[in-house]
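**Student:** Have a peek at model.txt (compact mmCIF, C-alpha atoms).
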# COMPACT_ATOMS: atom_id res chain seq x y z
CA MET A 1 -9.04 2.17 -18.02
CA ASP A 2 -12.67 1.09 -17.82
CA SER A 3 -14.98 -1.22 -15.87
CA GLN A 4 -13.76 -4.27 -17.78
CA ASP A 5 -10.24 -3.58 -16.58
CA ARG A 6 -11.49 -3.54 -12.99
CA ILE A 7 -13.19 -6.88 -13.53
CA ASP A 8 -10.07 -8.35 -15.11
CA PHE A 9 -7.79 -7.11 -12.34
CA LYS A 10 -10.03 -8.55 -9.64
CA LEU A 11 -10.67 -11.87 -11.35
CA GLY A 12 -6.99 -12.35 -12.06
CA ALA A 13 -5.97 -11.46 -8.52
CA LYS A 14 -8.63 -13.68 -6.95
CA ALA A 15 -7.64 -16.68 -9.04
CA GLN A 16 -3.96 -16.10 -8.26
CA VAL A 17 -4.53 -15.93 -4.51
CA LEU A 18 -6.83 -18.96 -4.46
CA ASP A 19 -4.46 -21.04 -6.60
CA HIS A 20 -1.46 -20.19 -4.40
CA PHE A 21 -3.14 -19.53 -1.08
CA LYS A 22 -0.35 -21.02 1.05
CA PHE A 23 2.18 -18.64 -0.47
CA TYR A 24 -0.04 -15.58 0.03
CA PHE A 25 -0.96 -16.71 3.54
CA LEU A 26 2.70 -16.85 4.58
CA LEU A 27 3.46 -13.61 2.71
CA THR A 28 0.84 -11.63 4.62
CA ILE A 29 0.44 -13.38 7.97
CA LEU A 30 3.25 -11.49 9.72
CA TRP A 31 2.05 -7.97 8.90
CA LEU A 32 -1.55 -8.92 9.64
CA ALA A 33 -0.57 -10.38 13.01
CA LEU A 34 1.57 -7.38 13.96
CA GLY A 35 -1.21 -4.98 12.94
CA PHE A 36 -3.78 -6.95 14.93
CA ILE A 37 -1.62 -7.08 18.06
CA GLY A 38 -0.77 -3.39 17.67
CA GLY A 39 -4.48 -2.53 17.48
CA LEU A 40 -5.26 -4.55 20.60
CA THR A 41 -2.37 -2.95 22.45
CA TYR A 42 -3.58 0.52 21.52
CA GLN A 43 -7.15 -0.20 22.61
CA ARG A 44 -5.99 -1.65 25.92
CA SER A 45 -3.72 1.33 26.55
CA MET A 46 -6.56 3.77 25.87
CA ASN A 47 -8.78 1.86 28.29
CA TRP A 48 -6.14 2.32 30.97
CA ILE A 49 -6.69 6.07 30.80
CA MET A 50 -9.57 5.49 33.18
CA ALA A 51 -7.42 3.55 35.60
CA VAL A 52 -6.70 5.48 38.79
CA ASN A 53 -3.28 4.48 40.08
CA ASN A 54 0.13 6.04 40.35
CA ASN A 55 1.54 4.09 37.41
CA SER A 56 -1.28 4.71 34.93
CA GLY A 57 0.63 7.37 33.01
CA PHE A 58 3.70 5.17 32.69
CA VAL A 59 1.69 2.14 31.65
CA LEU A 60 -0.30 4.14 29.11
CA GLY A 61 2.81 5.67 27.55
CA GLY A 62 4.53 2.30 27.32
CA GLY A 63 1.47 0.65 25.80
CA LEU A 64 1.01 3.36 23.17
CA SER A 65 4.71 3.24 22.29
CA LEU A 66 4.54 -0.52 21.78
CA ALA A 67 1.39 -0.15 19.69
CA GLY A 68 3.13 2.42 17.52
CA VAL A 69 6.18 0.20 16.98
CA LEU A 70 4.00 -2.77 16.07
CA THR A 71 1.93 -0.68 13.66
CA ILE A 72 5.03 0.68 11.91
CA ALA A 73 6.51 -2.82 11.68
CA SER A 74 3.23 -4.05 10.19
CA SER A 75 3.28 -1.24 7.60
CA ILE A 76 6.88 -2.05 6.62
CA MET A 77 6.10 -5.70 6.09
CA ARG A 78 2.93 -4.92 4.17
CA VAL A 79 4.91 -2.76 1.75
CA GLY A 80 7.30 -5.68 1.34
CA SER A 81 4.42 -7.98 0.43
CA GLN A 82 3.05 -5.38 -2.00
CA LEU A 83 6.41 -5.09 -3.77
CA THR A 84 6.47 -8.89 -4.00
CA MET A 85 3.02 -8.92 -5.59
CA ILE A 86 4.05 -6.31 -8.16
CA ASP A 87 7.08 -8.42 -9.09
CA LEU A 88 5.00 -11.61 -9.20
CA ASP A 89 2.56 -9.99 -11.61
CA ARG A 90 5.50 -8.98 -13.80
CA GLY A 91 6.91 -12.50 -13.76
CA LYS A 92 10.18 -11.25 -12.22
CA ILE A 93 10.15 -13.66 -9.27
CA THR A 94 8.79 -17.06 -8.37
CA MET A 95 6.48 -18.05 -5.52
CA ASP A 96 9.08 -19.15 -3.02
CA ASN A 97 10.37 -17.95 0.35
CA PRO A 98 7.18 -15.98 1.17
CA LEU A 99 8.21 -15.07 4.72
CA GLN A 100 11.54 -13.64 3.56
CA ARG A 101 9.85 -11.74 0.74
CA SER A 102 7.69 -9.87 3.23
CA PHE A 103 10.92 -8.04 4.17
CA ALA A 104 11.45 -6.85 0.57
CA LEU A 105 11.55 -3.22 1.71
CA PHE A 106 15.04 -3.96 3.06
CA ASP A 107 16.39 -5.51 -0.14
CA LYS A 108 18.11 -2.19 -0.77
CA GLY A 109 18.82 0.60 1.68
CA GLN A 110 17.39 3.12 -0.78
CA TYR A 111 14.03 1.36 -0.67
CA PHE A 112 13.49 1.90 3.05
CA LEU A 113 14.76 5.47 3.12
CA GLY A 114 12.66 6.37 0.09
CA TRP A 115 9.56 4.79 1.61
CA LEU A 116 10.13 6.66 4.86
CA PHE A 117 10.56 10.08 3.24
CA ILE A 118 7.68 9.52 0.82
CA ALA A 119 5.40 8.45 3.69
CA ILE A 120 6.29 11.62 5.61
CA LEU A 121 5.82 13.93 2.61
CA VAL A 122 2.56 12.29 1.52
CA GLY A 123 1.27 12.49 5.08
CA ILE A 124 2.06 16.20 5.27
CA PHE A 125 0.63 17.03 1.84
CA THR A 126 -2.54 15.01 2.42
CA PHE A 127 -3.07 16.59 5.84
CA LEU A 128 -2.69 20.10 4.43
CA TRP A 129 -5.16 19.40 1.63
CA SER A 130 -7.56 17.86 4.16
CA LEU A 131 -7.61 21.16 6.03
CA LEU A 132 -9.60 22.55 3.10
CA PHE A 133 -12.12 19.72 3.34
CA PHE A 134 -12.21 15.91 3.40
CA VAL A 135 -12.73 15.47 -0.36
CA PRO A 136 -9.60 17.39 -1.53
CA GLY A 137 -7.52 15.36 0.93
CA MET A 138 -8.93 12.09 -0.35
CA ILE A 139 -8.37 13.11 -3.99
CA LYS A 140 -4.75 13.97 -3.26
CA ALA A 141 -4.26 10.71 -1.37
CA TYR A 142 -5.21 8.84 -4.54
CA ALA A 143 -2.99 11.12 -6.62
CA TYR A 144 0.01 10.27 -4.43
CA SER A 145 -0.84 6.56 -4.02
CA GLN A 146 1.69 5.18 -6.52
CA SER A 147 4.64 7.29 -5.38
CA PHE A 148 6.74 4.64 -3.66
CA TYR A 149 6.28 2.05 -6.41
CA ILE A 150 7.47 4.62 -8.93
CA TYR A 151 10.44 5.44 -6.70
CA ARG A 152 11.36 1.77 -6.37
CA ASP A 153 11.12 1.18 -10.13
CA ALA A 154 13.40 4.16 -10.78
CA ILE A 155 16.02 2.68 -8.45
CA ASP A 156 15.77 -0.70 -10.17
CA ARG A 157 16.33 1.01 -13.54
CA ASN A 158 19.50 2.62 -12.13
CA ASP A 159 17.86 5.98 -12.75
CA PRO A 160 16.98 7.05 -9.20
CA ILE A 161 14.70 9.99 -8.50
CA THR A 162 13.98 11.90 -5.30
CA PRO A 163 10.92 11.19 -3.14
CA LEU A 164 9.41 14.51 -4.21
CA GLU A 165 9.94 13.66 -7.88
CA ALA A 166 8.25 10.29 -7.30
CA ILE A 167 5.23 12.07 -5.79
CA THR A 168 5.10 14.42 -8.77
CA GLU A 169 5.26 11.48 -11.18
CA SER A 170 2.49 9.70 -9.28
CA ARG A 171 0.29 12.76 -9.68
CA ARG A 172 0.93 12.68 -13.42
CA LEU A 173 0.24 8.97 -13.82
CA MET A 174 -2.92 9.14 -11.71
CA ASP A 175 -4.33 12.04 -13.72
CA GLY A 176 -7.54 10.56 -15.13
CA ASN A 177 -7.16 7.33 -13.12
CA LYS A 178 -8.04 8.42 -9.58
CA ALA A 179 -11.77 7.75 -10.02
CA PHE A 180 -11.00 4.32 -11.49
CA LEU A 181 -8.95 3.32 -8.44
CA PHE A 182 -11.48 4.84 -6.04
CA ILE A 183 -14.33 2.83 -7.57
CA MET A 184 -12.20 -0.30 -7.53
CA ASP A 185 -11.53 0.24 -3.82
CA LEU A 186 -15.25 0.74 -3.19
CA SER A 187 -15.93 -2.63 -4.81
CA PHE A 188 -14.09 -4.25 -1.88
CA ILE A 189 -16.45 -2.85 0.77
CA GLY A 190 -18.34 -6.12 1.02
CA TRP A 191 -15.09 -8.01 1.53
CA MET A 192 -13.98 -5.54 4.20
CA MET A 193 -17.30 -6.03 6.01
CA LEU A 194 -16.68 -9.78 5.88
CA GLN A 195 -13.44 -9.19 7.75
CA GLY A 196 -15.38 -7.54 10.57
CA ILE A 197 -18.02 -10.26 10.68
CA THR A 198 -15.34 -12.97 10.92
CA PHE A 199 -13.35 -11.04 13.56
CA GLY A 200 -10.51 -10.50 11.10
CA PHE A 201 -10.03 -14.09 9.94
CA ALA A 202 -11.26 -13.30 6.42
CA ALA A 203 -8.37 -10.85 6.11
CA LEU A 204 -6.12 -13.82 5.40
CA PHE A 205 -7.75 -13.94 1.97
CA VAL A 206 -9.18 -10.44 1.55
CA GLN A 207 -5.96 -8.48 2.13
CA PRO A 208 -3.76 -10.39 -0.35
CA TYR A 209 -6.66 -10.33 -2.83
CA TYR A 210 -6.94 -6.55 -2.45
CA ASP A 211 -3.19 -5.90 -2.60
CA GLN A 212 -2.68 -8.17 -5.62
CA THR A 213 -5.51 -6.38 -7.42
CA ARG A 214 -3.82 -3.04 -6.74
CA ALA A 215 -0.51 -4.48 -7.92
CA LYS A 216 -2.13 -5.36 -11.24
CA PHE A 217 -3.52 -1.84 -11.45
CA TYR A 218 -0.08 -0.28 -10.95
CA ASN A 219 1.60 -2.53 -13.49
CA GLN A 220 -1.07 -1.77 -16.09
CA LEU A 221 -0.81 1.93 -15.30
CA VAL A 222 2.91 1.86 -16.08
CA ILE A 223 2.52 -0.30 -19.18
CA ARG A 224 -0.15 1.92 -20.69
CA ASP A 225 1.87 5.03 -19.96
CA GLU A 226 4.92 3.55 -21.70
CA ASP A 227 2.82 2.48 -24.68
CA THR A 228 1.24 5.92 -25.14
CA PRO A 229 3.27 7.83 -27.76
CA ALA A 230 2.01 11.18 -26.58
CA ALA A 231 2.68 10.44 -22.91
CA ASP A 232 4.36 13.31 -21.15
CA THR A 233 7.11 11.25 -19.58
CA PHE A 234 8.71 12.48 -16.39
CA THR A 235 11.68 14.79 -16.87
CA GLY A 236 12.15 16.03 -13.34
CA ASP A 237 11.24 19.63 -14.20
CA GLN A 238 7.50 19.63 -13.54
CA GLY A 239 7.94 21.22 -10.15
CA PRO A 240 7.12 20.05 -6.61
CA GLU A 241 3.47 21.14 -6.60
CA ALA A 242 1.64 19.12 -3.95
As structure tokens, please, write out the structure in this file.
**Tutor:**
Amino acid sequence: MDSQDRIDFKLGAKAQVLDHFKFYFLLTILWLALGFIGGLTYQRSMNWIMAVNNNSGFVLGGGLSLAGVLTIASSIMRVGSQLTMIDLDRGKITMDNPLQRSFALFDKGQYFLGWLFIAILVGIFTFLWSLLFFVPGMIKAYAYSQSFYIYRDAIDRNDPITPLEAITESRRLMDGNKAFLFIMDLSFIGWMMLQGITFGFAALFVQPYYDQTRAKFYNQLVIRDEDTPAADTFTGDQGPEA
């Protein structure tokens, strides 16, 4: 992939979100709201550390627990919206029932369990690589970034793979594409700054724009891999190297 692909992905995603803004707004509003409330709850709980009263420890623990639950719920619903965007880009679904589609992670029990185990494994692997230095950890994070989408596609093909196999396949697919995705992410810095300037309101456009762009990247990644005759397709015997 090259710079023109990045331009095409972003232009296509932007036009799609602008043309169907109501759908994308409803698709993302729940996870954005939960994430925002979770962040506020966490900040308030941390401020209470300085409070001197007999109940401060209890209040702090309860606040942090609630923040954690809200953050996890936000992550689950964001993954649901990302799966929806991948399917939209493939023409598999129509733009209806956006609120229900944000719960796509629960469409099949295997989806949620796979996402959970992949999140845990990726977190562990990335942390261990980060112990060497920040850069190796970041490189590995990009290498593992497509793992769950690969896992979900395998289930939909009735050819399920394990979470570890999905991570291995993501590493293979991202070989030679990590820098492309990193640069594409960097191109959104201005948009992310706009979110801060507008106290988060711009996220109602920026986040679906960003996620739809990444959905287009993943779909093109898979298509090009399938169209490459010499592609070393996954056989499950490449080993669990992190």
**Student:** At a cut-off of 6 Å, using all atoms listed in the file, what residues contact region 135-146 of chain A? Leave out same-chain residues fewer than 3 positions from it and give the result as a PDB file with C-alpha atoms, in the coordinates of the input.
**Tutor:**
ATOM      1  CA  THR A 126      -2.540  15.010   2.420  1.00  0.00           C
ATOM      2  CA  TRP A 129      -5.160  19.400   1.630  1.00  0.00           C
ATOM      3  CA  SER A 130      -7.560  17.860   4.160  1.00  0.00           C
ATOM      4  CA  TYR A 149       6.280   2.050  -6.410  1.00  0.00           C
ATOM      5  CA  ILE A 167       5.230  12.070  -5.790  1.00  0.00           C
ATOM      6  CA  SER A 170       2.490   9.700  -9.280  1.00  0.00           C
ATOM      7  CA  ARG A 171       0.290  12.760  -9.680  1.00  0.00           C
ATOM      8  CA  MET A 174      -2.920   9.140 -11.710  1.00  0.00           C
ATOM      9  CA  LYS A 178      -8.040   8.420  -9.580  1.00  0.00           C
TER      10      LYS A 178
END
**Student:** So how far away is CA of Met85 (chain A) from CA of Ala154 (chain A), in Å?
**Tutor:**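 It comes out at 17.5 Å.
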**Student:** Dig up all the protein and nucleic acid residues within 12 Å of (2.9, 9.8, 3.8) in the file frame, using all atoms listed in the file, and format them as a VMD selection string.
**Tutor:** chain A and resid 75 114 to 128 140 to 142 144 to 148 163 to 164 167
**Student:** By how many Å are CA of Lys216 (chain A) and CA of Lys10 (chain A) apart?
**Tutor:**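 Taking CA of Lys216 (chain A) as the start and CA of Lys10 (chain A) as the end point, the length is 8.7 Å.
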**Student:** When you look at region 87-93 of chain A with a cut-off of 12 Å (counting all atoms listed in the file), what residues show up, excluding the ones that are within fewer than 6 positions of it in the same chain? I need them as a short mmCIF file (atom, residue, chain, number, x, y, z; two decimals) with C-alpha atoms, keeping the file's coordinate frame.
**Tutor:**
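Writing done, so here's around_3.cif:
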data_model
loop_
_atom_site.label_atom_id
_atom_site.label_comp_id
_atom_site.auth_asym_id
_atom_site.auth_seq_id
_atom_site.Cartn_x
_atom_site.Cartn_y
_atom_site.Cartn_z
CA PHE A 9 -7.79 -7.11 -12.34
CA GLY A 12 -6.99 -12.35 -12.06
CA ALA A 13 -5.97 -11.46 -8.52
CA GLN A 16 -3.96 -16.10 -8.26
CA VAL A 17 -4.53 -15.93 -4.51
CA HIS A 20 -1.46 -20.19 -4.40
CA PHE A 23 2.18 -18.64 -0.47
CA TYR A 24 -0.04 -15.58 0.03
CA GLY A 80 7.30 -5.68 1.34
CA SER A 81 4.42 -7.98 0.43
CA ARG A 101 9.85 -11.74 0.74
CA ALA A 104 11.45 -6.85 0.57
CA TYR A 149 6.28 2.05 -6.41
CA ARG A 152 11.36 1.77 -6.37
CA ASP A 153 11.12 1.18 -10.13
CA ASP A 156 15.77 -0.70 -10.17
CA ASP A 211 -3.19 -5.90 -2.60
CA GLN A 212 -2.68 -8.17 -5.62
CA THR A 213 -5.51 -6.38 -7.42
CA ARG A 214 -3.82 -3.04 -6.74
CA ALA A 215 -0.51 -4.48 -7.92
CA LYS A 216 -2.13 -5.36 -11.24
CA PHE A 217 -3.52 -1.84 -11.45
CA TYR A 218 -0.08 -0.28 -10.95
CA ASN A 219 1.60 -2.53 -13.49
CA GLN A 220 -1.07 -1.77 -16.09
CA VAL A 222 2.91 1.86 -16.08
CA ILE A 223 2.52 -0.30 -19.18
#
**Student:** Report, in Å to a single decimal, how far apart CA of Tyr210 (chain A) and CA of Asp185 (chain A) are.
**Tutor:**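 Distance between the two atoms: 8.3 Å.
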**Student:** So that I can check the surroundings of Met1 (chain A), please list as a list in words every protein, DNA and RNA residue that reaches within 10 Å of it, counting all atoms listed in the file and ignoring chain neighbours fewer than 3 positions away.
**Tutor:**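 Listed by chain and then number, they are Gln4, Asp5, Arg6, Gly176, Asn177, Phe180, Leu181, Phe217, Gln220, Leu221 and Arg224 of chain A.
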**Student:** When you count all atoms listed in the file, which of these residues is closest to Met95 (chain A): A:Ala73, A:Val79, A:Leu113, A:Leu26?
**Tutor:**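 Among A:Ala73, A:Val79, A:Leu113, A:Leu26, it is A:Leu26 that comes nearest to Met95 (chain A).
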**Student:** Between A:Ala179, A:Leu40, A:Leu132, A:Met184, which is the closest to Leu66 (chain A) once you count all atoms listed in the file?
**Tutor:**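 Of all the options, A:Leu40 lies closest to Leu66 (chain A).
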**Student:** For a quick check of understanding, using all atoms listed in the file, which of A:Gly200, A:Leu99, A:Ser187, A:Gln82 has the smallest distance to Ile37 (chain A)?
**Tutor:**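 Looking at the shortest contact to Ile37 (chain A), the residue is A:Gly200.
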**Student:** Which residues are near Ala203 (chain A)? Cut-off 10 Å, all atoms listed in the file, ignore same chain within fewer than 4 positions. Put them as a list in words.
**Tutor:** Phe25, Thr28, Ile29, Leu32, Trp191, Met192, Leu194, Gln195, Gly196, Thr198, Phe199, Gln207, Pro208, Tyr209 and Tyr210 of chain A
**Student:** List the neighbours of Leu105 (chain A) out to 8 Å using all atoms listed in the file; skip same-chain residues closer than 5 positions along the sequence, and give me the result as an mmCIF file with C-alpha atoms, in the frame of the given file.
**Tutor:**
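around.cif, freshly written:
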data_model
loop_
_atom_site.group_PDB
_atom_site.id
_atom_site.type_symbol
_atom_site.label_atom_id
_atom_site.label_comp_id
_atom_site.auth_asym_id
_atom_site.auth_seq_id
_atom_site.Cartn_x
_atom_site.Cartn_y
_atom_site.Cartn_z
ATOM 1 C CA ILE A 76 6.880 -2.050 6.620
ATOM 2 C CA MET A 77 6.100 -5.700 6.090
ATOM 3 C CA VAL A 79 4.910 -2.760 1.750
ATOM 4 C CA GLY A 80 7.300 -5.680 1.340
ATOM 5 C CA LEU A 83 6.410 -5.090 -3.770
ATOM 6 C CA TYR A 111 14.030 1.360 -0.670
ATOM 7 C CA PHE A 112 13.490 1.900 3.050
#
**Student:** Which of these, A:Trp31, A:Phe182, A:Tyr151, A:Phe188, has the shortest distance to Gln110 (chain A) once you count all atoms listed in the file?
**Tutor:**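 Smallest distance to Gln110 (chain A) is found for A:Tyr151.
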